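Shown next, in C-alpha cells, is the structure this report addresses.
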Amino acid sequence: MQVHNKKKLFFSFLFLAFFTPDAAFCANQKELKTADSLFAIARYPEAQTLYKKNFSLTEKNSQVLLLKLAFLAEKTNNYTDCLFFLSKLALVQPSRHLFEKMDKLAKEQNLSGYEFDDYNYFIIFYRKYGDYIPILLLTLGTYIVVIMVTKTRRKEPILQIHKVSIIVYLLALLGILNVPSLYQTCIIVNENTFLRDEPSSAAGVVDRVGKGHKLTIIGSVDHWDRVIWNNRIVYIRKSDLWNI
C-alpha cells in the first residue's frame with residue numbers, strides 16, 4: 001500500500017513539474033539545480049537537505065519544491081513533514097485528489113484534522129474561483145443598488161423583503177471576502193504536546209497528543225494559540241506548531 005501511495009505522489013510530482021506554472025520566493029537557483037540533480041540519481045538525503053534549506057515558512061514556495069519535499073518526507077516515514085508540505089501545497093494548488101491523499105495518509109497514521117468534508121470541498125472551490133466570486137457578487141450588488149435607487153427616485157415602493165435581502169447579501173459578501181483570514185490551520189510538530197484549558201503553563205491539561213495532528217486556529221493570546229480539539233476550545237504553545 002505504501003509503495004502504491006508513493007508512486008501516485010511521485011507521478012503527481014511529474015505532472016506538476018512539467019505542467020504547473022511556478023512563481024515563488026527567490027530561492028537559491030544554483031542550490032535547487034544541484035538538489036534536482038541529486039534527486040534524479042536518488043541521492044535523496046542530500047537533495048532533501050538542499051530543498052529544506054530553500055524552503056520558506058513565511059513566503060510562497062514553488063509547488064514542485066513542496067511536492068518533492070512531501071515525497072522525500074514520506075519516503076523516510078516522516079509523515080508530519082509530509083502532511084505539512086502537502087497542506088502548504090493545498091493552499092496554492094487545491095484539488096480533491098490532494099485532500100483525499102492527505103485524508104488517507106492521516107488515517108493510516110491515526111492523525112486527525114485532515115478529513116475531506118464539505119468544508120474542505122468549499123475551500124477547494126473558493127481557492128480555485130475565489131478571484132471571480134467577489135467580482136460576481138459585487139456586480140450583482142451594484143445591480144440591486146441601482147434598481148433600488150431608481151425605484152426611490154421614481155417614488156416607487158420598495159418591499160421590506162427587498163431591504164432585508166440587500167442586508168443579508170452584504171453580510172454574506174463580507175463573510176466570503178474574509179474566508180481566507182478565517183481559515184488558519186496548523187500542525188503539531190512536537191511529541192507529547194499539552195493542550196490546556198487556559199493560556200498558561202499552570203492551567204489544567206485537557207489532553208496530551210503526539211505530533212502530526214492538524215488543528216484550526218481561532219485566535220491567540222501571547223505565546224499561545226487558541227485552537228479546536230475534539231469540538232472543544234483549548235490552548236497550545238505556538239512553539240509546538242507550524243502554521244500552514
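Naming works like this for the C-alpha cells: A, B, ... for the chains as they're shown, residue 1 at the start of each chain, ligands 1 onward in shown order.
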Exercise for the section: Identify, on the basis of only C-alpha atoms, every residue whose closest approach to Asn54 (chain A) does not exceed 12 Å; exclude the query and any residue fewer than 5 positions from it along the same chain; express the result as an NGL selection string. Expected result: :A and (24-35 or 47-49 or 59-62 or 65-66 or 69)
Using only C-alpha atoms, I'd like a table of the residues in region 21-91 of chain A that come within 12 Å of region 189-206 of chain A; for each, show the closest atom pair and its distance in Å rounded to one decimal, ordered by chain and ascending number, as JSON lines.
```
{"residue": "A:Asn78", "atom": "CA", "partner": "A:Val189", "partner_atom": "CA", "distance": 11.0}
{"residue": "A:Tyr79", "atom": "CA", "partner": "A:Val189", "partner_atom": "CA", "distance": 10.6}
{"residue": "A:Thr80", "atom": "CA", "partner": "A:Val189", "partner_atom": "CA", "distance": 7.0}
{"residue": "A:Asp81", "atom": "CA", "partner": "A:Val189", "partner_atom": "CA", "distance": 8.4}
{"residue": "A:Cys82", "atom": "CA", "partner": "A:Val189", "partner_atom": "CA", "distance": 11.7}
{"residue": "A:Leu83", "atom": "CA", "partner": "A:Val189", "partner_atom": "CA", "distance": 11.0}
{"residue": "A:Phe84", "atom": "CA", "partner": "A:Val189", "partner_atom": "CA", "distance": 9.4}
```
Could you pull the residues within 10 Å of Asn230 (chain A), counting only C-alpha atoms, minus those fewer than 2 positions along the same chain, as a JSON list (two decimals) with all heavy atoms, in the first residue's frame?
```
[["chain", "number", "residue", "atom", "x", "y", "z"],
["A", 112, "SER", "N", -5.58, 13.22, 13.16],
["A", 112, "SER", "CA", -6.86, 13.89, 12.94],
["A", 112, "SER", "C", -6.66, 15.27, 12.31],
["A", 112, "SER", "O", -5.56, 15.83, 12.34],
["A", 112, "SER", "CB", -7.61, 14.04, 14.27],
["A", 112, "SER", "OG", -6.88, 14.86, 15.16],
["A", 113, "GLY", "N", -7.75, 15.80, 11.76],
["A", 113, "GLY", "CA", -7.74, 17.15, 11.21],
["A", 113, "GLY", "C", -7.63, 17.20, 9.69],
["A", 113, "GLY", "O", -7.67, 18.29, 9.11],
["A", 215, "LEU", "N", -4.79, 21.25, 13.28],
["A", 215, "LEU", "CA", -5.74, 22.00, 14.09],
["A", 215, "LEU", "C", -6.15, 23.27, 13.37],
["A", 215, "LEU", "O", -5.43, 23.79, 12.51],
["A", 215, "LEU", "CB", -5.14, 22.36, 15.45],
["A", 215, "LEU", "CG", -4.56, 21.21, 16.29],
["A", 215, "LEU", "CD1", -3.81, 21.77, 17.48],
["A", 215, "LEU", "CD2", -5.65, 20.27, 16.74],
["A", 228, "ILE", "N", -9.14, 24.41, 18.09],
["A", 228, "ILE", "CA", -10.26, 23.50, 18.32],
["A", 228, "ILE", "C", -9.74, 22.06, 18.33],
["A", 228, "ILE", "O", -9.07, 21.63, 17.39],
["A", 228, "ILE", "CB", -11.33, 23.67, 17.23],
["A", 228, "ILE", "CG1", -11.90, 25.09, 17.26],
["A", 228, "ILE", "CG2", -12.46, 22.65, 17.42],
["A", 228, "ILE", "CD1", -12.88, 25.38, 16.14],
["A", 232, "ARG", "N", -13.77, 21.12, 21.08],
["A", 232, "ARG", "CA", -13.57, 21.92, 22.29],
["A", 232, "ARG", "C", -12.47, 22.94, 22.06],
["A", 232, "ARG", "O", -11.48, 22.67, 21.36],
["A", 232, "ARG", "CB", -13.19, 21.00, 23.46],
["A", 232, "ARG", "CG", -12.92, 21.72, 24.76],
["A", 232, "ARG", "CD", -12.66, 20.74, 25.88],
["A", 232, "ARG", "NE", -12.33, 21.44, 27.13],
["A", 232, "ARG", "CZ", -12.10, 20.84, 28.28],
["A", 232, "ARG", "NH1", -12.18, 19.52, 28.36],
["A", 232, "ARG", "NH2", -11.80, 21.54, 29.36],
["A", 233, "ILE", "N", -12.62, 24.13, 22.64],
["A", 233, "ILE", "CA", -11.60, 25.17, 22.52],
["A", 233, "ILE", "C", -10.52, 24.95, 23.57],
["A", 233, "ILE", "O", -10.81, 24.87, 24.77],
["A", 233, "ILE", "CB", -12.22, 26.57, 22.68],
["A", 233, "ILE", "CG1", -13.20, 26.85, 21.54],
["A", 233, "ILE", "CG2", -11.13, 27.64, 22.71],
["A", 233, "ILE", "CD1", -13.93, 28.17, 21.66],
["A", 234, "VAL", "N", -9.28, 24.81, 23.11],
["A", 234, "VAL", "CA", -8.15, 24.61, 24.03],
["A", 234, "VAL", "C", -7.00, 25.52, 23.59],
["A", 234, "VAL", "O", -7.08, 26.20, 22.56],
["A", 234, "VAL", "CB", -7.68, 23.13, 24.00],
["A", 234, "VAL", "CG1", -8.76, 22.21, 24.53],
["A", 234, "VAL", "CG2", -7.25, 22.72, 22.59]]
```
Practice task
For CA of Lys214 (chain A) and CA of Tyr132 (chain A), quote the distance in Å rounded to one decimal.
Solution key: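 Calculated distance between CA of Lys214 (chain A) and CA of Tyr132 (chain A) is 29.1 Å.
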Handout entry: All residues 12 Å or closer to region 161-164 of chain A, only C-alpha atoms, same chain fewer than 5 positions away omitted, as a PyMOL selection string
Key = chain A and resi 144-145+147-149+151+169-171
Would you mind exporting the chosen residues as a PDB file, in the first residue's frame, restricted to N, CA, C and O atoms?
```
ATOM      1  N   ILE A 144     -28.436  45.488  -7.884  1.00  0.00           N
ATOM      2  CA  ILE A 144     -29.533  45.608  -6.918  1.00  0.00           C
ATOM      3  C   ILE A 144     -29.647  47.036  -6.401  1.00  0.00           C
ATOM      4  O   ILE A 144     -30.742  47.598  -6.299  1.00  0.00           O
ATOM      5  N   VAL A 145     -28.498  47.643  -6.082  1.00  0.00           N
ATOM      6  CA  VAL A 145     -28.499  49.020  -5.576  1.00  0.00           C
ATOM      7  C   VAL A 145     -29.051  49.982  -6.619  1.00  0.00           C
ATOM      8  O   VAL A 145     -29.838  50.890  -6.301  1.00  0.00           O
ATOM      9  N   ILE A 147     -31.165  49.348  -9.002  1.00  0.00           N
ATOM     10  CA  ILE A 147     -32.613  49.145  -9.079  1.00  0.00           C
ATOM     11  C   ILE A 147     -33.327  49.844  -7.921  1.00  0.00           C
ATOM     12  O   ILE A 147     -34.345  50.525  -8.103  1.00  0.00           O
ATOM     13  N   MET A 148     -32.752  49.714  -6.709  1.00  0.00           N
ATOM     14  CA  MET A 148     -33.382  50.322  -5.546  1.00  0.00           C
ATOM     15  C   MET A 148     -33.328  51.849  -5.616  1.00  0.00           C
ATOM     16  O   MET A 148     -34.297  52.539  -5.269  1.00  0.00           O
ATOM     17  N   VAL A 149     -32.206  52.395  -6.067  1.00  0.00           N
ATOM     18  CA  VAL A 149     -32.088  53.853  -6.209  1.00  0.00           C
ATOM     19  C   VAL A 149     -33.061  54.369  -7.253  1.00  0.00           C
ATOM     20  O   VAL A 149     -33.705  55.412  -7.068  1.00  0.00           O
ATOM     21  N   LYS A 151     -35.895  53.026  -8.137  1.00  0.00           N
ATOM     22  CA  LYS A 151     -37.249  52.985  -7.581  1.00  0.00           C
ATOM     23  C   LYS A 151     -37.488  54.138  -6.613  1.00  0.00           C
ATOM     24  O   LYS A 151     -38.576  54.724  -6.560  1.00  0.00           O
ATOM     25  N   TYR A 169     -27.387  40.066   1.815  1.00  0.00           N
ATOM     26  CA  TYR A 169     -26.412  39.970   0.727  1.00  0.00           C
ATOM     27  C   TYR A 169     -25.081  40.597   1.130  1.00  0.00           C
ATOM     28  O   TYR A 169     -24.010  40.019   0.922  1.00  0.00           O
ATOM     29  N   LEU A 170     -25.133  41.800   1.727  1.00  0.00           N
ATOM     30  CA  LEU A 170     -23.911  42.490   2.128  1.00  0.00           C
ATOM     31  C   LEU A 170     -23.173  41.725   3.220  1.00  0.00           C
ATOM     32  O   LEU A 170     -21.939  41.649   3.216  1.00  0.00           O
ATOM     33  N   LEU A 171     -23.919  41.134   4.147  1.00  0.00           N
ATOM     34  CA  LEU A 171     -23.291  40.330   5.203  1.00  0.00           C
ATOM     35  C   LEU A 171     -22.628  39.085   4.624  1.00  0.00           C
ATOM     36  O   LEU A 171     -21.526  38.701   5.025  1.00  0.00           O
TER      37      LEU A 171
END
```
Exercise for the section: Considering only C-alpha atoms, return as number ranges by chain whatever protein or nucleic-acid residues lie within 8 Å of Met102 (chain A), sequence-local ones (same chain, fewer than 2 positions apart) excluded. Expected result: A: 83, 86-87, 98-100, 104-106, 114
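Take CA of Cys186 (chain A) and CA of Val209 (chain A): the distance between them is 14.2 Å.
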Practice task
Taking the DSSP assignment computed from this structure's backbone, write out as a PyMOL selection string all residues of region 146-208 of chain A that belong to alpha helix (DSSP H).
Solution key: chain A and resi 146-153+160-177+179-182
Write out the residues from the selection above, keeping C-alpha atoms, as a CSV table (one decimal), in the first residue's frame.
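That gives us out32.csv:
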```csv
chain,number,residue,atom,x,y,z
A,146,VAL,CA,-29.1,50.7,-9.0
A,147,ILE,CA,-32.6,49.1,-9.1
A,148,MET,CA,-33.4,50.3,-5.5
A,149,VAL,CA,-32.1,53.9,-6.2
A,150,THR,CA,-34.1,54.0,-9.4
A,151,LYS,CA,-37.2,53.0,-7.6
A,152,THR,CA,-36.6,55.6,-4.9
A,153,ARG,CA,-36.2,58.4,-7.4
A,160,GLN,CA,-39.5,45.2,3.1
A,161,ILE,CA,-38.2,41.8,1.9
A,162,HIS,CA,-36.0,43.5,-0.7
A,163,LYS,CA,-34.5,45.7,2.0
A,164,VAL,CA,-33.8,42.7,4.2
A,165,SER,CA,-32.3,40.8,1.2
A,166,ILE,CA,-29.8,43.6,0.5
A,167,ILE,CA,-28.6,43.5,4.1
A,168,VAL,CA,-28.3,39.7,4.0
A,169,TYR,CA,-26.4,40.0,0.7
A,170,LEU,CA,-23.9,42.5,2.1
A,171,LEU,CA,-23.3,40.3,5.2
A,172,ALA,CA,-22.7,37.3,3.0
A,173,LEU,CA,-20.3,39.2,0.8
A,174,LEU,CA,-18.4,40.4,3.9
A,175,GLY,CA,-18.2,36.8,5.1
A,176,ILE,CA,-16.9,35.4,1.8
A,177,LEU,CA,-14.3,38.2,1.4
A,179,VAL,CA,-12.9,33.4,4.3
A,180,PRO,CA,-9.1,33.3,3.8
A,181,SER,CA,-8.3,35.2,7.0
A,182,LEU,CA,-10.8,33.0,9.0
```
Handout entry: Surrounding residues of Val92 (chain A) excluding itself and chain neighbours under 2 positions, 8 Å, only C-alpha atoms, as a list of chain:residue names
Key =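 The residues that qualify are A:Gln63, A:Lys88, A:Leu89, A:Ala90, A:Pro94, A:Arg127.
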Could those residues be written to a file, using N, CA and C atoms, as an mmCIF file, in the first residue's frame?
```
data_model
loop_
_atom_site.group_PDB
_atom_site.id
_atom_site.type_symbol
_atom_site.label_atom_id
_atom_site.label_comp_id
_atom_site.auth_asym_id
_atom_site.auth_seq_id
_atom_site.Cartn_x
_atom_site.Cartn_y
_atom_site.Cartn_z
ATOM 1 N N GLN A 63 5.624 25.122 -6.084
ATOM 2 C CA GLN A 63 4.752 23.947 -5.946
ATOM 3 C C GLN A 63 5.540 22.662 -6.133
ATOM 4 N N LYS A 88 0.617 22.746 2.702
ATOM 5 C CA LYS A 88 1.083 24.008 2.108
ATOM 6 C C LYS A 88 0.774 24.031 0.617
ATOM 7 N N LEU A 89 0.944 22.875 -0.030
ATOM 8 C CA LEU A 89 0.642 22.781 -1.457
ATOM 9 C C LEU A 89 -0.844 23.002 -1.714
ATOM 10 N N ALA A 90 -1.680 22.495 -0.820
ATOM 11 C CA ALA A 90 -3.130 22.637 -0.976
ATOM 12 C C ALA A 90 -3.584 24.097 -0.916
ATOM 13 N N PRO A 94 -5.097 23.595 -4.718
ATOM 14 C CA PRO A 94 -6.038 22.652 -4.096
ATOM 15 C C PRO A 94 -6.672 21.730 -5.117
ATOM 16 N N ARG A 127 -10.777 28.583 -3.386
ATOM 17 C CA ARG A 127 -9.419 28.943 -3.787
ATOM 18 C C ARG A 127 -9.217 28.850 -5.295
#
```
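The space between CA of Arg96 (chain A) and CA of Asp117 (chain A) spans 10.4 Å.
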